[in-house]
Amino acid sequence: MEPRFACTACGKCCHGLLPLTLTDAVAHAVRFPLALVWTVVRSNAKSYDLATRLGTTVRLPNRKTVAVLIQPTAYLPNHFPCPALQADNLCGIHADKPSRCRTMPFYPYREEKDQADLLVPRKGWECDVSAEAPVVYRNHAILDRMDFDSERAELLDQAPVMRTYADYVLKYMPWIVNDLAKMAAAPAGGKLVTSLSSFLTATRRPDARELAAAQAPLMQAMAERTRNDPALADFHKNYAGWAKEMERLAQRP
């Protein structure tokens, strides 16, 4: 059976962390609380070679080398809806939605030949995979590939910037190498989160003040929203700290 898939606009995938291209992160900085999410890809993973092109490589204390993806991300708890998701479960910015949303369910951080399992809806999702849905994947190739190719191209274009950022972080925050080593050793992997302010400082973006000014009230609002939930203590701590960082960065001359 050839994989079939159609979106039913159930809104179930519009929750939690949303990886973005750098272009989309900047374009939606007034909407999404942003962070940089680091993910380790081991050398024996199918996507390792691709990850070295989209991200960077890091030599760990045990002398093993891993690839590391660094994704600009809308930083939201898993059960929090996307800020653009409306009450009717439709996207409020459909005409201008991020590349990640357009490419779903395909994922450009994977090789194209390894996409088939992504067409199986997660538990609770209401995607249409019936015989009435269109065939979207054949012979390990995506049929309607414009959005996939566009997102992949953006990720390749931004890779040098992500490597510059990685070099900065590993130089000024060297303990992160140990965190990456722990993630590489853990069966389930893991994610490391760093602040947008560190990215803006490292890359010396000319629009850093404007981005910080857009982010500060979002971080403040998210800090308030997560204040009294012990399960979201890490999110609250990050939001509160990053709000202060964004305020300071926005006020720099």
# chains A, B, ... in the order shown; residues from 1 in each chain; ligands from 1
>>> select_by_dssp(residues="segment 18-57 of chain A", states="helix (DSSP H, G or I)", output="PyMOL selection string")
chain A and resi 22-27+48-54
>>> closest_atom_pairs(of="segment 107-150 of chain A", to="segment 9-15 of chain A", cutoff="10 Å", atoms="only C-alpha atoms", output="Markdown table")
| residue | atom | partner | partner_atom | distance |
| --- | --- | --- | --- | --- |
| A:Pro121 | CA | A:Cys13 | CA | 9.6 |
| A:Arg122 | CA | A:Cys13 | CA | 8.9 |
| A:Lys123 | CA | A:Lys12 | CA | 9.7 |
| A:Gly124 | CA | A:Lys12 | CA | 7.4 |
| A:Trp125 | CA | A:Lys12 | CA | 5.6 |
| A:Glu126 | CA | A:Cys10 | CA | 6.1 |
| A:Cys127 | CA | A:Cys10 | CA | 7.6 |
| A:Asp128 | CA | A:Ala9 | CA | 9.9 |
>>> write_last_selection(atoms="C-alpha atoms", output="PDB file, in the first residue's frame")
ATOM      1  CA  PRO A 121      -0.420   9.588  12.849  1.00  0.00           C
ATOM      2  CA  ARG A 122       0.611   9.846  16.473  1.00  0.00           C
ATOM      3  CA  LYS A 123      -1.838   8.712  19.137  1.00  0.00           C
ATOM      4  CA  GLY A 124      -4.747  11.135  19.273  1.00  0.00           C
ATOM      5  CA  TRP A 125      -4.008  12.818  15.965  1.00  0.00           C
ATOM      6  CA  GLU A 126      -6.825  12.798  13.416  1.00  0.00           C
ATOM      7  CA  CYS A 127      -4.833  12.849  10.173  1.00  0.00           C
ATOM      8  CA  ASP A 128      -6.589  11.221   7.205  1.00  0.00           C
TER       9      ASP A 128
END
>>> atom_distance(atom1="atom CA of Asn139 of chain A", atom2="atom CA of Met1 of chain A")
11.0 Å
>>> closest_atom_pairs(of="segment 92-185 of chain A", to="segment 64-67 of chain A", cutoff="10 Å", atoms="only C-alpha atoms", output="CSV")
residue,atom,partner,partner_atom,distance
A:Leu180,CA,A:Val66,CA,8.9
A:Ala181,CA,A:Val66,CA,8.9
A:Ala184,CA,A:Val66,CA,7.7
>>> write_last_selection(atoms="C-alpha atoms", output="PDB file, in the first residue's frame")
ATOM      1  CA  LEU A 180      25.989  16.834  25.106  1.00  0.00           C
ATOM      2  CA  ALA A 181      28.003  13.801  26.182  1.00  0.00           C
ATOM      3  CA  ALA A 184      24.716  11.036  23.568  1.00  0.00           C
TER       4      ALA A 184
END
>>> closest_atom_pairs(of="segment 69-143 of chain A", to="segment 32-36 of chain A", cutoff="10 Å", atoms="only C-alpha atoms", output="JSON lines")
{"residue": "A:Leu69", "atom": "CA", "partner": "A:Leu36", "partner_atom": "CA", "distance": 9.7}
{"residue": "A:Ile70", "atom": "CA", "partner": "A:Leu36", "partner_atom": "CA", "distance": 6.2}
{"residue": "A:Gln71", "atom": "CA", "partner": "A:Leu36", "partner_atom": "CA", "distance": 5.4}
{"residue": "A:Pro72", "atom": "CA", "partner": "A:Leu36", "partner_atom": "CA", "distance": 4.7}
{"residue": "A:Thr73", "atom": "CA", "partner": "A:Ala35", "partner_atom": "CA", "distance": 5.4}
{"residue": "A:Ala74", "atom": "CA", "partner": "A:Leu34", "partner_atom": "CA", "distance": 4.9}
{"residue": "A:Tyr75", "atom": "CA", "partner": "A:Leu34", "partner_atom": "CA", "distance": 5.5}
{"residue": "A:Leu76", "atom": "CA", "partner": "A:Pro33", "partner_atom": "CA", "distance": 7.5}
{"residue": "A:Cys82", "atom": "CA", "partner": "A:Phe32", "partner_atom": "CA", "distance": 8.2}
{"residue": "A:Pro83", "atom": "CA", "partner": "A:Phe32", "partner_atom": "CA", "distance": 7.0}
{"residue": "A:Ala84", "atom": "CA", "partner": "A:Phe32", "partner_atom": "CA", "distance": 9.0}
>>> write_last_selection(atoms="N, CA and C atoms", output="mmCIF file, in the first residue's frame")
data_model
loop_
_atom_site.group_PDB
_atom_site.id
_atom_site.type_symbol
_atom_site.label_atom_id
_atom_site.label_comp_id
_atom_site.auth_asym_id
_atom_site.auth_seq_id
_atom_site.Cartn_x
_atom_site.Cartn_y
_atom_site.Cartn_z
ATOM 1 N N LEU A 69 22.396 19.138 16.008
ATOM 2 C CA LEU A 69 21.472 20.052 15.355
ATOM 3 C C LEU A 69 21.113 21.155 16.332
ATOM 4 N N ILE A 70 21.105 22.387 15.870
ATOM 5 C CA ILE A 70 20.727 23.530 16.701
ATOM 6 C C ILE A 70 19.564 24.214 16.000
ATOM 7 N N GLN A 71 18.387 24.100 16.584
ATOM 8 C CA GLN A 71 17.173 24.551 15.917
ATOM 9 C C GLN A 71 16.568 25.774 16.604
ATOM 10 N N PRO A 72 16.421 26.888 15.887
ATOM 11 C CA PRO A 72 15.574 27.966 16.422
ATOM 12 C C PRO A 72 14.178 27.383 16.635
ATOM 13 N N THR A 73 13.602 27.627 17.792
ATOM 14 C CA THR A 73 12.391 26.885 18.166
ATOM 15 C C THR A 73 11.406 27.780 18.908
ATOM 16 N N ALA A 74 10.126 27.626 18.569
ATOM 17 C CA ALA A 74 9.073 28.203 19.396
ATOM 18 C C ALA A 74 9.013 27.342 20.659
ATOM 19 N N TYR A 75 9.413 27.940 21.772
ATOM 20 C CA TYR A 75 9.662 27.195 23.007
ATOM 21 C C TYR A 75 8.389 27.160 23.855
ATOM 22 N N LEU A 76 7.637 26.056 23.728
ATOM 23 C CA LEU A 76 6.354 25.911 24.396
ATOM 24 C C LEU A 76 6.266 24.550 25.064
ATOM 25 N N CYS A 82 -0.067 26.254 19.925
ATOM 26 C CA CYS A 82 0.620 27.313 19.192
ATOM 27 C C CYS A 82 -0.146 28.624 19.395
ATOM 28 N N PRO A 83 0.555 29.734 19.583
ATOM 29 C CA PRO A 83 -0.141 31.018 19.756
ATOM 30 C C PRO A 83 -1.024 31.397 18.574
ATOM 31 N N ALA A 84 -0.768 30.804 17.399
ATOM 32 C CA ALA A 84 -1.567 31.127 16.219
ATOM 33 C C ALA A 84 -2.755 30.189 16.040
#
>>> atom_distance(atom1="atom CA of Val58 of chain A", atom2="atom CA of Trp242 of chain A")
26.0 Å
>>> residues_around(residues="segment 229-237 of chain A", least_positions_apart="3", cutoff="12 Å", atoms="only C-alpha atoms", output="PyMOL selection string")
chain A and resi 16-17+33-35+75-80+192-195+219-226+240-244
>>> atom_distance(atom1="atom CA of Leu54 of chain A", atom2="atom CA of Asp167 of chain A")
14.7 Å
>>> closest_residue(among="A:Leu170, A:Ala214, A:Leu200, A:Ala153", to="Arg31 of chain A", atoms="only C-alpha atoms")
A:Ala214
>>> select_by_dssp(residues="segment 9-251 of chain A", states="strand (DSSP E)", output="PyMOL selection string")
chain A and resi 18-19+34-41+56-59+65-74+137-138+141-142+191-195
>>> write_last_selection(atoms="N, CA, C and O atoms", output="tab-separated table (two decimals), in the first residue's frame")
chain	number	residue	atom	x	y	z
A	18	LEU	N	8.11	23.89	18.51
A	18	LEU	CA	7.99	23.97	17.06
A	18	LEU	C	9.32	24.40	16.47
A	18	LEU	O	9.69	25.57	16.56
A	19	PRO	N	10.08	23.48	15.87
A	19	PRO	CA	11.34	23.86	15.22
A	19	PRO	C	11.07	24.81	14.06
A	19	PRO	O	10.13	24.59	13.28
A	34	LEU	N	11.09	32.40	21.72
A	34	LEU	CA	12.12	31.67	20.97
A	34	LEU	C	13.27	31.19	21.84
A	34	LEU	O	13.67	31.87	22.79
A	35	ALA	N	13.80	30.04	21.48
A	35	ALA	CA	15.00	29.49	22.11
A	35	ALA	C	15.75	28.70	21.05
A	35	ALA	O	15.26	28.50	19.93
A	36	LEU	N	16.94	28.25	21.40
A	36	LEU	CA	17.72	27.38	20.54
A	36	LEU	C	17.76	26.00	21.18
A	36	LEU	O	18.17	25.87	22.34
A	37	VAL	N	17.31	24.99	20.46
A	37	VAL	CA	17.25	23.63	20.98
A	37	VAL	C	18.31	22.77	20.30
A	37	VAL	O	18.36	22.68	19.06
A	38	TRP	N	19.17	22.17	21.13
A	38	TRP	CA	20.27	21.34	20.64
A	38	TRP	C	19.89	19.87	20.75
A	38	TRP	O	19.41	19.42	21.80
A	39	THR	N	20.12	19.12	19.68
A	39	THR	CA	19.84	17.69	19.66
A	39	THR	C	21.05	16.94	19.14
A	39	THR	O	21.61	17.31	18.10
A	40	VAL	N	21.46	15.91	19.87
A	40	VAL	CA	22.62	15.11	19.47
A	40	VAL	C	22.18	14.02	18.49
A	40	VAL	O	21.15	13.36	18.69
A	41	VAL	N	22.96	13.84	17.44
A	41	VAL	CA	22.74	12.75	16.48
A	41	VAL	C	23.99	11.89	16.49
A	41	VAL	O	25.08	12.35	16.13
A	56	THR	N	26.34	20.91	13.22
A	56	THR	CA	27.78	20.95	13.43
A	56	THR	C	28.22	19.62	14.03
A	56	THR	O	27.38	18.76	14.30
A	57	THR	N	29.50	19.44	14.18
A	57	THR	CA	30.01	18.24	14.84
A	57	THR	C	30.77	18.65	16.09
A	57	THR	O	31.40	19.72	16.13
A	58	VAL	N	30.70	17.81	17.10
A	58	VAL	CA	31.34	18.09	18.39
A	58	VAL	C	32.09	16.85	18.84
A	58	VAL	O	31.54	15.74	18.82
A	59	ARG	N	33.33	17.04	19.24
A	59	ARG	CA	34.12	15.94	19.79
A	59	ARG	C	33.90	15.91	21.30
A	59	ARG	O	34.14	16.90	22.00
A	65	THR	N	32.83	11.50	18.23
A	65	THR	CA	32.30	12.68	17.57
A	65	THR	C	30.82	12.47	17.28
A	65	THR	O	30.41	11.42	16.79
A	66	VAL	N	30.02	13.48	17.59
A	66	VAL	CA	28.59	13.44	17.31
A	66	VAL	C	28.23	14.65	16.46
A	66	VAL	O	28.93	15.66	16.44
A	67	ALA	N	27.14	14.51	15.73
A	67	ALA	CA	26.56	15.68	15.06
A	67	ALA	C	25.58	16.33	16.03
A	67	ALA	O	24.95	15.65	16.85
A	68	VAL	N	25.46	17.64	15.92
A	68	VAL	CA	24.54	18.36	16.80
A	68	VAL	C	23.71	19.30	15.94
A	68	VAL	O	24.25	20.14	15.21
A	69	LEU	N	22.40	19.14	16.01
A	69	LEU	CA	21.47	20.05	15.35
A	69	LEU	C	21.11	21.15	16.33
A	69	LEU	O	20.85	20.89	17.51
A	70	ILE	N	21.10	22.39	15.87
A	70	ILE	CA	20.73	23.53	16.70
A	70	ILE	C	19.56	24.21	16.00
A	70	ILE	O	19.74	24.82	14.94
A	71	GLN	N	18.39	24.10	16.58
A	71	GLN	CA	17.17	24.55	15.92
A	71	GLN	C	16.57	25.77	16.60
A	71	GLN	O	16.22	25.71	17.79
A	72	PRO	N	16.42	26.89	15.89
A	72	PRO	CA	15.57	27.97	16.42
A	72	PRO	C	14.18	27.38	16.63
A	72	PRO	O	13.64	26.70	15.75
A	73	THR	N	13.60	27.63	17.79
A	73	THR	CA	12.39	26.89	18.17
A	73	THR	C	11.41	27.78	18.91
A	73	THR	O	11.80	28.58	19.76
A	74	ALA	N	10.13	27.63	18.57
A	74	ALA	CA	9.07	28.20	19.40
A	74	ALA	C	9.01	27.34	20.66
A	74	ALA	O	8.63	26.17	20.60
A	137	TYR	N	3.68	9.71	-0.96
A	137	TYR	CA	5.05	9.17	-0.85
A	137	TYR	C	5.10	7.87	-1.64
A	137	TYR	O	4.26	6.99	-1.46
A	138	ARG	N	6.08	7.79	-2.54
A	138	ARG	CA	6.15	6.60	-3.40
A	138	ARG	C	7.62	6.28	-3.66
A	138	ARG	O	8.41	7.15	-4.01
A	141	ALA	N	10.20	8.41	-2.02
A	141	ALA	CA	10.32	9.79	-2.51
A	141	ALA	C	9.02	10.55	-2.23
A	141	ALA	O	7.92	10.01	-2.35
A	142	ILE	N	9.16	11.82	-1.86
A	142	ILE	CA	8.02	12.69	-1.61
A	142	ILE	C	7.48	13.18	-2.95
A	142	ILE	O	8.25	13.66	-3.80
A	191	LYS	N	17.35	16.82	24.95
A	191	LYS	CA	17.47	18.13	24.31
A	191	LYS	C	18.11	19.11	25.28
A	191	LYS	O	17.87	19.05	26.49
A	192	LEU	N	18.91	19.98	24.73
A	192	LEU	CA	19.54	21.05	25.48
A	192	LEU	C	19.00	22.37	24.95
A	192	LEU	O	18.89	22.55	23.74
A	193	VAL	N	18.66	23.28	25.84
A	193	VAL	CA	18.06	24.54	25.43
A	193	VAL	C	18.97	25.70	25.82
A	193	VAL	O	19.43	25.77	26.96
A	194	THR	N	19.23	26.58	24.86
A	194	THR	CA	19.98	27.80	25.15
A	194	THR	C	19.16	29.01	24.71
A	194	THR	O	18.19	28.89	23.95
A	195	SER	N	19.54	30.17	25.18
A	195	SER	CA	18.71	31.36	25.02
A	195	SER	C	18.91	32.06	23.68
A	195	SER	O	19.98	31.99	23.07
>>> closest_residue(among="A:Met173, A:Cys101, A:Ala166, A:Ala188", to="Thr21 of chain A", atoms="only C-alpha atoms")
A:Cys101
>>> closest_residue(among="A:Pro98, A:Gly55, A:Pro61, A:Pro134", to="Ala6 of chain A", atoms="only C-alpha atoms")
A:Pro134
>>> residues_around(residues="Val129 of chain A", least_positions_apart="4", cutoff="9 Å", atoms="only C-alpha atoms", output="PyMOL selection string")
chain A and resi 3-7+119-121+133-134
>>> residues_around(residues="Ala202 of chain A", least_positions_apart="6", cutoff="10 Å", atoms="only C-alpha atoms", output="mmCIF file with N, CA and C atoms, in the first residue's frame")
data_model
loop_
_atom_site.group_PDB
_atom_site.id
_atom_site.type_symbol
_atom_site.label_atom_id
_atom_site.label_comp_id
_atom_site.auth_asym_id
_atom_site.auth_seq_id
_atom_site.Cartn_x
_atom_site.Cartn_y
_atom_site.Cartn_z
ATOM 1 N N VAL A 161 25.612 29.890 9.969
ATOM 2 C CA VAL A 161 25.296 30.738 11.124
ATOM 3 C C VAL A 161 25.187 29.881 12.380
ATOM 4 N N MET A 162 24.563 28.708 12.250
ATOM 5 C CA MET A 162 24.427 27.822 13.397
ATOM 6 C C MET A 162 25.790 27.310 13.867
ATOM 7 N N THR A 164 28.617 29.009 13.579
ATOM 8 C CA THR A 164 29.222 30.154 14.279
ATOM 9 C C THR A 164 28.706 30.230 15.705
ATOM 10 N N TYR A 165 27.405 30.030 15.858
ATOM 11 C CA TYR A 165 26.816 30.057 17.194
ATOM 12 C C TYR A 165 27.348 28.918 18.056
ATOM 13 N N ALA A 166 27.442 27.722 17.481
ATOM 14 C CA ALA A 166 27.954 26.576 18.236
ATOM 15 C C ALA A 166 29.385 26.845 18.710
ATOM 16 N N ASP A 167 30.214 27.404 17.838
ATOM 17 C CA ASP A 167 31.595 27.706 18.221
ATOM 18 C C ASP A 167 31.632 28.690 19.387
ATOM 19 N N TYR A 168 30.754 29.676 19.354
ATOM 20 C CA TYR A 168 30.692 30.671 20.425
ATOM 21 C C TYR A 168 30.293 30.014 21.748
ATOM 22 N N VAL A 169 29.223 29.222 21.702
ATOM 23 C CA VAL A 169 28.732 28.596 22.930
ATOM 24 C C VAL A 169 29.779 27.654 23.526
ATOM 25 N N LEU A 196 17.882 32.760 23.265
ATOM 26 C CA LEU A 196 17.996 33.581 22.065
ATOM 27 C C LEU A 196 19.017 34.688 22.267
#
